[in-house]
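Listing of start.txt, compact mmCIF, C-alpha atoms
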# COMPACT_ATOMS: atom_id res chain seq x y z
CA MET A 1 -3.38 1.94 23.41
CA PRO A 2 -3.19 -1.56 21.96
CA SER A 3 -1.99 -4.40 24.18
CA SER A 4 -1.92 -7.07 21.45
CA THR A 5 0.39 -5.33 18.95
CA SER A 6 3.46 -3.29 19.68
CA PRO A 7 3.16 0.43 18.92
CA ILE A 8 6.96 0.85 18.76
CA GLY A 9 7.88 2.88 15.69
CA LEU A 10 4.52 4.60 15.32
CA LYS A 11 5.14 8.27 14.61
CA SER A 12 3.04 11.41 14.37
CA PRO A 13 2.92 13.45 11.20
CA PRO A 14 4.94 16.68 11.47
CA LYS A 15 3.34 19.78 12.97
CA THR A 16 4.96 23.19 12.55
CA HIS A 17 4.88 25.85 15.27
CA VAL A 18 6.14 29.41 15.28
CA ILE A 19 7.39 30.19 18.77
CA ASP A 20 5.26 33.06 20.02
CA SER A 21 6.54 35.56 22.61
CA HIS A 22 3.09 35.65 24.27
CA ALA A 23 3.13 31.85 24.70
CA ILE A 24 6.65 32.07 26.16
CA ARG A 25 5.49 34.67 28.71
CA GLN A 26 2.44 32.57 29.70
CA PHE A 27 4.56 29.44 30.09
CA ASP A 28 7.19 31.30 32.10
CA GLU A 29 4.56 32.78 34.44
CA ALA A 30 3.09 29.31 35.04
CA ILE A 31 6.39 27.93 36.38
CA PRO A 32 6.36 28.17 40.17
CA LEU A 33 9.23 29.84 41.98
CA TRP A 34 10.13 26.54 43.64
CA ASP A 35 10.94 24.82 40.32
CA GLY A 36 14.63 24.54 41.24
CA PHE A 37 15.77 26.76 38.36
CA GLU A 38 15.57 30.11 40.15
CA GLY A 39 18.94 31.79 39.92
CA ILE A 40 20.19 29.30 37.32
CA ARG A 41 18.26 30.18 34.16
CA PRO A 42 19.01 33.60 32.66
CA THR A 43 15.89 35.76 32.74
CA ASP A 44 16.13 36.52 29.01
CA SER A 45 16.08 32.87 27.86
CA LEU A 46 13.15 30.51 27.37
CA PRO A 47 12.23 28.12 30.18
CA TRP A 48 14.15 24.87 29.67
CA THR A 49 10.94 22.83 29.59
CA PHE A 50 9.15 25.11 27.07
CA PRO A 51 9.24 22.46 24.29
CA VAL A 52 6.49 20.50 26.11
CA SER A 53 4.11 23.26 24.98
CA LEU A 54 4.93 22.53 21.33
CA ALA A 55 2.56 19.60 20.84
CA ALA A 56 2.97 17.13 18.02
CA ASN A 57 0.07 15.84 15.95
CA PRO A 58 -1.60 12.70 17.31
CA ILE A 59 0.08 9.36 16.55
CA GLU A 60 -2.29 7.41 14.30
CA GLY A 61 -3.06 3.97 15.75
CA PHE A 62 -1.88 4.91 19.24
CA SER A 63 -3.65 6.83 21.97
CA LEU A 64 -2.94 7.46 25.61
CA PRO A 65 -5.71 7.15 28.18
CA GLU A 66 -7.39 10.40 29.23
CA SER A 67 -7.07 9.52 32.93
CA GLY A 68 -4.76 7.37 35.01
CA LEU A 69 -1.64 8.41 33.14
CA ILE A 70 1.50 8.99 35.20
CA HIS A 71 4.41 11.06 33.91
CA GLY A 72 7.48 9.18 35.15
CA GLU A 73 10.47 10.99 33.75
CA GLN A 74 11.49 13.50 31.10
CA ARG A 75 14.83 14.42 29.54
CA PHE A 76 15.67 17.26 27.17
CA ARG A 77 18.53 17.69 24.70
CA TYR A 78 19.06 20.88 22.77
CA GLY A 79 20.76 21.55 19.45
CA ARG A 80 19.90 25.25 19.23
CA VAL A 81 18.71 28.02 21.47
CA LEU A 82 14.93 28.47 21.29
CA GLU A 83 13.89 32.01 20.39
CA ALA A 84 10.65 33.86 19.75
CA GLY A 85 9.80 33.82 16.05
CA MET A 86 11.64 30.56 15.42
CA GLU A 87 9.79 27.98 13.30
CA VAL A 88 9.97 24.46 14.76
CA THR A 89 8.51 21.29 13.23
CA VAL A 90 7.59 18.72 15.87
CA THR A 91 7.08 14.95 15.64
CA SER A 92 6.58 12.29 18.33
CA GLU A 93 7.43 8.60 18.11
CA VAL A 94 6.82 5.61 20.38
CA VAL A 95 10.38 4.32 20.92
CA SER A 96 9.70 1.85 23.73
CA TYR A 97 6.64 0.00 24.98
CA LYS A 98 6.62 -2.67 27.71
CA GLU A 99 3.80 -4.15 29.72
CA ARG A 100 4.19 -5.43 33.27
CA GLY A 101 0.95 -6.73 34.68
CA ASP A 102 -1.73 -4.15 33.96
CA THR A 103 0.75 -1.28 33.52
CA ALA A 104 2.27 -0.10 30.24
CA PHE A 105 5.65 1.69 30.29
CA ILE A 106 5.77 3.94 27.24
CA THR A 107 8.70 6.03 26.06
CA LEU A 108 7.89 8.84 23.63
CA LEU A 109 10.60 10.72 21.76
CA THR A 110 9.51 14.17 20.63
CA GLN A 111 11.79 16.01 18.23
CA GLY A 112 11.74 19.62 17.15
CA LYS A 113 13.61 20.59 14.00
CA ALA A 114 14.36 23.97 12.44
CA ALA A 115 13.35 24.83 8.87
CA ASP A 116 16.83 23.73 7.69
CA GLY A 117 16.32 20.27 9.29
CA ALA A 118 18.74 20.82 12.17
CA MET A 119 17.73 19.55 15.61
CA VAL A 120 16.35 22.24 17.92
CA PHE A 121 15.38 19.89 20.76
CA GLU A 122 14.63 16.31 21.68
CA SER A 123 12.40 15.38 24.59
CA GLU A 124 12.22 11.82 25.86
CA SER A 125 9.27 11.07 28.17
CA LEU A 126 8.55 7.93 30.17
CA LEU A 127 4.82 7.50 30.76
CA LEU A 128 3.01 4.84 32.80
CA ALA A 129 -0.55 3.90 31.86
CA LYS A 130 -3.06 1.24 32.74
CA VAL A 131 -3.32 -1.36 29.98
CA GLN A 132 -6.81 -1.26 28.48

Mind turning the file's structure into C-alpha cells?
Amino acid sequence: MPSSTSPIGLKSPPKTHVIDSHAIRQFDEAIPLWDGFEGIRPTDSLPWTFPVSLAANPIEGFSLPESGLIHGEQRFRYGRVLEAGMEVTVTSEVVSYKERGDTAFITLLTQGKAADGAMVFESESLLLAKVQ
C-alpha cells in the first residue's frame, strides 16, 4: 500500500466465477442466526452478502496489509438476482484513498457483471489500514 502515490483508479484484471450451489450452501451455513436477516430473506434465495465470496484478482501495484486491517462499512447494489450456475466476472477498483495520520481510509468498488455485460452486483467497501 503506497503512501507516496495515490492508488485511486488502480483496478484488478477481470476474474470469472461460476456460482456453485455447494459454495452457496457453505456460505449460507456460515451465516449465524443472529445476522439480522432471519425471517427477512427467502430461504430459496442466495444470502445478500454472498458476492464477498466472489474474489477479484489482485490489484497490481496495490496491496492491503495482512494484519491490522479493519472493515469499516460495506454496501451492496444488485442489478440481477444471483443464481447457481450463473457466470459472473468480477473486478475491484480503488475509488478513494485518504490518509489521516498513520491510518489509510480505502474505498474499494467491486463489480460483478453477467456474460452480456449487465451489472449483477456492486459492492463498495470502506477499509481502514495502518499506513506502511

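Of the listed residues (A:Gly68, A:Pro58, A:Gly101, A:Pro51), A:Pro51 comes nearest to Val88 in chain A; the distances count only C-alpha atoms.
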
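Using only C-alpha atoms, the residues found no farther than 9 Å from Asn57 in chain A, other than those of its own chain fewer than 2 positions away, are Ser12, Pro13, Pro14, Lys15, Ala55, Ile59, Glu60, Val90, Thr91 and Ser92 of chain A.
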
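Separating CA of His17 in chain A from CA of Glu87 in chain A is a distance of 5.7 Å.
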
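You can rank A:Glu73, A:Asp116, A:Thr5, A:Leu82 by their closest distance to Ile24 in chain A using all atoms listed in the file, and at the top of that list sits A:Leu82.
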
Expected residue set, 12 Å radius at (3.3, -0.3, 19.4), only C-alpha atoms, as an MDAnalysis selection string:
chainID A and resid 1:11 59:64 93:99 104:108

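Put simply, CA of Val18 in chain A is 7.8 Å away from CA of Ala84 in chain A.
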
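Here the question is which of A:Gln26, A:Gln111, A:Ser53, A:Thr103 gets nearest to Glu124 in chain A using all atoms listed in the file, and that residue is A:Gln111.
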
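Taking all atoms listed in the file into account, Arg80 in chain A lies nearest to A:Met119 out of the set A:Ala56, A:Pro47, A:Met119, A:Asp102.
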
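For the set A:Met86, A:Gly79, A:His22, A:Pro65, the residue with the smallest atom-to-atom gap to Ala129 in chain A is A:Pro65, counting only C-alpha atoms.
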
Interatomic distance, CA of Thr49 in chain A to CA of Ser67 in chain A (Å, one decimal):
22.6 Å

Mind giving me the axis-aligned box for range 121-127 of chain A with 8 Å on every side, centre plus edges in Å to one decimal, as AutoDock Vina command-line options?
--center_x 10.1 --center_y 13.7 --center_z 25.8 --size_x 26.6 --size_y 28.4 --size_z 26.0

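Nearest-residue note for Leu109 in chain A: choosing from A:Ser125, A:Thr89, A:Gln74, A:Ser21, the minimum distance belongs to A:Ser125, counting only C-alpha atoms.
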
Set the distance at 8 Å and use all atoms listed in the file: which residues neighbour Leu69 in chain A once local chain neighbours fewer than 6 positions away are removed? I'd like the list as a list in words.
Leu127, Leu128, Ala129 and Lys130 of chain A

Would you mind putting N, CA and C atoms back on range 58-75 of chain A and writing the result as a CSV table (one decimal), in the coordinates of the input?
chain,number,residue,atom,x,y,z
A,58,PRO,N,-1.4,14.0,16.7
A,58,PRO,CA,-1.6,12.7,17.3
A,58,PRO,C,-0.9,11.6,16.5
A,59,ILE,N,-0.5,10.5,17.2
A,59,ILE,CA,0.1,9.4,16.6
A,59,ILE,C,-1.1,8.4,16.1
A,60,GLU,N,-1.2,8.3,14.8
A,60,GLU,CA,-2.3,7.4,14.3
A,60,GLU,C,-2.1,6.0,14.7
A,61,GLY,N,-3.1,5.4,15.3
A,61,GLY,CA,-3.1,4.0,15.8
A,61,GLY,C,-2.6,3.8,17.2
A,62,PHE,N,-2.4,5.0,17.9
A,62,PHE,CA,-1.9,4.9,19.2
A,62,PHE,C,-2.5,6.1,20.0
A,63,SER,N,-3.1,5.8,21.1
A,63,SER,CA,-3.6,6.8,22.0
A,63,SER,C,-3.4,6.5,23.4
A,64,LEU,N,-3.2,7.6,24.2
A,64,LEU,CA,-2.9,7.5,25.6
A,64,LEU,C,-4.3,7.6,26.3
A,65,PRO,N,-4.5,7.0,27.5
A,65,PRO,CA,-5.7,7.2,28.2
A,65,PRO,C,-5.9,8.6,28.7
A,66,GLU,N,-7.1,9.0,28.8
A,66,GLU,CA,-7.4,10.4,29.2
A,66,GLU,C,-7.2,10.6,30.7
A,67,SER,N,-7.3,9.5,31.5
A,67,SER,CA,-7.1,9.5,32.9
A,67,SER,C,-6.2,8.3,33.3
A,68,GLY,N,-5.6,8.4,34.5
A,68,GLY,CA,-4.8,7.4,35.0
A,68,GLY,C,-3.4,7.3,34.4
A,69,LEU,N,-3.0,8.3,33.7
A,69,LEU,CA,-1.6,8.4,33.1
A,69,LEU,C,-0.7,9.1,34.1
A,70,ILE,N,0.5,8.4,34.3
A,70,ILE,CA,1.5,9.0,35.2
A,70,ILE,C,2.7,9.4,34.4
A,71,HIS,N,3.2,10.6,34.6
A,71,HIS,CA,4.4,11.1,33.9
A,71,HIS,C,5.6,10.7,34.8
A,72,GLY,N,6.4,9.7,34.3
A,72,GLY,CA,7.5,9.2,35.2
A,72,GLY,C,8.8,9.9,35.1
A,73,GLU,N,9.1,10.4,33.9
A,73,GLU,CA,10.5,11.0,33.8
A,73,GLU,C,10.5,11.7,32.4
A,74,GLN,N,11.3,12.8,32.4
A,74,GLN,CA,11.5,13.5,31.1
A,74,GLN,C,12.9,14.0,31.0
A,75,ARG,N,13.5,13.9,29.8
A,75,ARG,CA,14.8,14.4,29.5
A,75,ARG,C,14.8,15.3,28.3
